[in-house]
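For reference, the structure discussed in these notes is given below.
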Amino acid sequence: MHPLSANLRLRAVTVILLLVLLSLASVVAAGMIGSVSIPLADLPGALREFISGQPTSLPGHLLGLRAERAATAFVTGASLSLAGVMMQALLRNPLADPYVLGISSGASVGALAALLFMCAAWMVDAASFAGAVAVSMMLYFLARRDLRGGTAAEGGTALLLLTGVILSAGCIALVTLMLSIAPESRLRTMVFWLIGDLSGSPIRWLPWIVLAGGLAFALRAARSLNVMALHAEAAATLGIRVGALRKGLFFCSGLLTASAVTTAGSIGFVGLIVPHACRFAFGPDHRLLVPSATLIGGAYLVLADTVARTIIAPQQLPAGVVTALVGTPVFLYQLHRLRK
Amino acid sequence: MIGTHQLRLAMGKRTLVDKLDWQVGDGECWSVIGRNGAGKSTLLRTLAGLRQPEAGYVSIDRRALGEWPLQELALKRAFLAQARNDAFSYSVIETVLSARHPYHDNRYWENSDDHQAAIAALAAMEVDHLAARDVRTLSGGERQRVAIAAMLAQDTPLLLLDEPANALDLAHQVSVMSLLSKLCREQRKTVVMVGHDLTLAHSVSSHALLLMGDGRWLAGQVEEVMQPAVLSEYLDHPIETVRHGERTIFIPGSPQ
């Protein structure tokens, strides 16, 4: 085997294994840390109780509760980060994020409308999902040209990007309108939803299924993604069905974003800085970037949420505040290093 | 190899090429010549299958372009676009390796044969020392040579090149062109390229296609087509030739 090929594979396997360990460690850490922390000595017992599913001691109960929340944080962060990678590849722009096309703003309109009319929790989720789907459909029909299938995919994705930005602006106007007419009593929940908050989000299977599906698609398409990221429309001359690939990316990233936003509100920055940081650390090859960004995205949100609920305990911060506060300087630093 | 049948290309209401019946045989090296906006790049993109013609069709090996599966087509012809914009910081070797994509749908990682092909292509373009560099840090000429290396790694019988000599220094213009004509002579590859340097085109090409930009066209062997009178008409500028040993030098006439 050519030494280059062997090196590449070894490196990828090492990185992925380390990141899987990091992800598990982040969930365990999230389980231990809190207003009542679990000492290291109690951890094995608590873990055994947790795995057997019958917690009896206090550490066991605590670990169970926190692990559920951490699992939700993980799937949300992983979905957002993976959606970010896809959106950046789709738009061929490393500064794109899952929210750039306004899918999350659509979800916000739905969710805030439901909160405004004091609907039940499941209706808030359903409304936010419906909002995301509505914006996606509008985008699809308005910017069909950029997503058209077939052999000849002409032009870039400028129409898609501009349509998305305009739809997003429209949705944000609606959000502002609802916030300005909302009664005081509901304003706090609405603002928390907007910033992105993991408290009270129950564990669900659907986001995991969406994440698994999105990841499977992205891994299968990883080689094609590289070719498209490199050669733009000329990727068609290398046998890539550019239109079909763009459609796939659009739908998968839209679904992942909708699922993440429905679970935890619009948590910012994860979908932008995690893919960016991974590209910086491991290179732009999507075959490694897709799994590593997914794992790091998950771990990052687990840790951010742990900080959010402990830093000024007993009061809890929305996780979106932490991701943004950490994300902004990190992103700016990266940007400046890149431009040098 | 590749041919067009009653091909019509138009931009908006303007017809660029009309009723083009044109056959390119194995091992031929064609230069497409014409003024700016005469439809050279449009023709090349149509030949590559990146654009639908307004009328007529393109065929490769007597099979219409639309009937080819994209994957098989990618093993048949390579395309060099006129401009590139690199959004992500891929390395030079990754850029060239990506051109091996059509060879294996089922592999997740490239294998040794791909790396060997890529390194050989980089060496042929004299950019092997840049293999680990970020493509976004390359100079225009280096980037162009990397793009041509990627084409070589794709290893197809038909090469379509839109201004391959673009941004290259004098020495590399000559070496790239002679490499292309060598590929035609020795490996029976077929080349169709767009270029503006008449002297260079004349020295490496076996055939030339002249485009007027209003539908008219003229195709034939270099000796017949690249005559000063014909070129002056097609390029809308007086062209003179000078013999220099074996070579013919084309000189634009000075404005009055």
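Lettering and numbering for the structure tokens are positional, with chains as A, B, ... in the shown order, residues counted from 1 in each chain, and ligands counted from 1 in the shown order.
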
Using only C-alpha atoms, determine which residues lie at most 8 Å from range 49-63 of chain B, disregarding the query and same-chain residues fewer than 3 positions distant; provide the list as a ChimeraX atom specification.
/A:151-154,233-234,236-237 /B:1-10,19,42,45-46,67-68

Please write the residues from the selection above to a file, keeping C-alpha atoms, as a short mmCIF file (atom, residue, chain, number, x, y, z; two decimals), in the first residue's frame.
data_model
loop_
_atom_site.label_atom_id
_atom_site.label_comp_id
_atom_site.auth_asym_id
_atom_site.auth_seq_id
_atom_site.Cartn_x
_atom_site.Cartn_y
_atom_site.Cartn_z
CA THR A 151 -26.91 16.39 -15.94
CA ALA A 152 -26.47 20.07 -16.60
CA ALA A 153 -26.38 21.92 -13.32
CA GLU A 154 -25.65 25.44 -14.41
CA GLU A 233 -20.47 22.86 -11.30
CA ALA A 234 -17.62 21.13 -13.10
CA ALA A 236 -20.68 16.99 -13.13
CA THR A 237 -17.78 16.18 -15.46
CA MET B 1 -14.42 10.43 -30.88
CA ILE B 2 -16.68 13.44 -30.38
CA GLY B 3 -18.94 15.07 -32.90
CA THR B 4 -21.73 17.60 -33.18
CA HIS B 5 -24.82 17.36 -35.34
CA GLN B 6 -26.65 20.47 -36.53
CA LEU B 7 -25.62 22.09 -33.27
CA ARG B 8 -26.99 25.54 -32.50
CA LEU B 9 -25.75 27.60 -29.55
CA ALA B 10 -27.30 30.89 -28.54
CA LYS B 19 -25.69 24.20 -37.88
CA THR B 42 -20.04 27.95 -24.55
CA ARG B 45 -19.18 23.56 -21.95
CA THR B 46 -21.76 22.08 -24.30
CA GLU B 67 -27.64 8.77 -23.29
CA TRP B 68 -24.36 8.43 -21.46
#

Should the cut-off be 6 Å, what would the residue list for chain B against chain A look like, counting only C-alpha atoms, as a JSON list (two decimals) with C-alpha atoms, in the first residue's frame?
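The file below, out-v6.json, is the result:
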[["chain", "number", "residue", "atom", "x", "y", "z"],
["B", 50, "LEU", "CA", -22.51, 21.12, -18.65],
["B", 51, "ARG", "CA", -24.97, 23.00, -20.85],
["B", 70, "LEU", "CA", -22.55, 10.54, -15.99],
["B", 71, "GLN", "CA", -20.23, 8.06, -14.36],
["B", 74, "ALA", "CA", -16.46, 10.86, -16.56],
["B", 90, "TYR", "CA", -8.04, 21.53, 0.26],
["B", 98, "SER", "CA", -10.63, 14.07, -6.33],
["B", 102, "PRO", "CA", -15.20, 8.29, -11.28],
["B", 111, "ASN", "CA", -6.05, 3.50, -2.75],
["B", 112, "SER", "CA", -2.41, 3.23, -3.74]]

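Near Ala158 in chain A, within 10 Å and counting only C-alpha atoms, sit Leu91, Ala143, Asp146, Leu162, Thr163 and Gly164 of chain A; same-chain residues fewer than 4 positions away were not included.
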
For a test of reading the model, state the distance in Å between CA of Leu24 in chain A and CA of Thr328 in chain A, rounded to one decimal.
25.8 Å

Pick out the residues sitting within 12 Å of Gly25 in chain B, and hand them over as a VMD selection string; count only C-alpha atoms, and ignore anything fewer than 4 positions along from it in its own chain.
chain B and resid 1 to 3 29 to 30 60 to 62 157 to 158 184 188 to 192 206 to 207 220 to 221

If you count only C-alpha atoms, which residues fall within 6 Å of Gly106 in chain A, apart from same-chain ones fewer than 2 positions away, as a short mmCIF file (atom, residue, chain, number, x, y, z; two decimals) with C-alpha atoms, in the first residue's frame?
data_model
loop_
_atom_site.label_atom_id
_atom_site.label_comp_id
_atom_site.auth_asym_id
_atom_site.auth_seq_id
_atom_site.Cartn_x
_atom_site.Cartn_y
_atom_site.Cartn_z
CA ILE A 103 -35.36 27.28 8.16
CA SER A 104 -34.85 27.95 11.86
CA SER A 108 -39.24 30.25 15.50
CA VAL A 109 -42.34 31.80 13.96
CA GLY A 131 -42.78 26.41 10.46
CA ALA A 132 -39.47 24.89 9.41
CA VAL A 135 -40.02 27.73 4.92
CA CYS A 171 -39.58 35.46 9.53
#

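Between CA of Ile119 in chain B and CA of Leu161 in chain B there is a distance of 20.9 Å.
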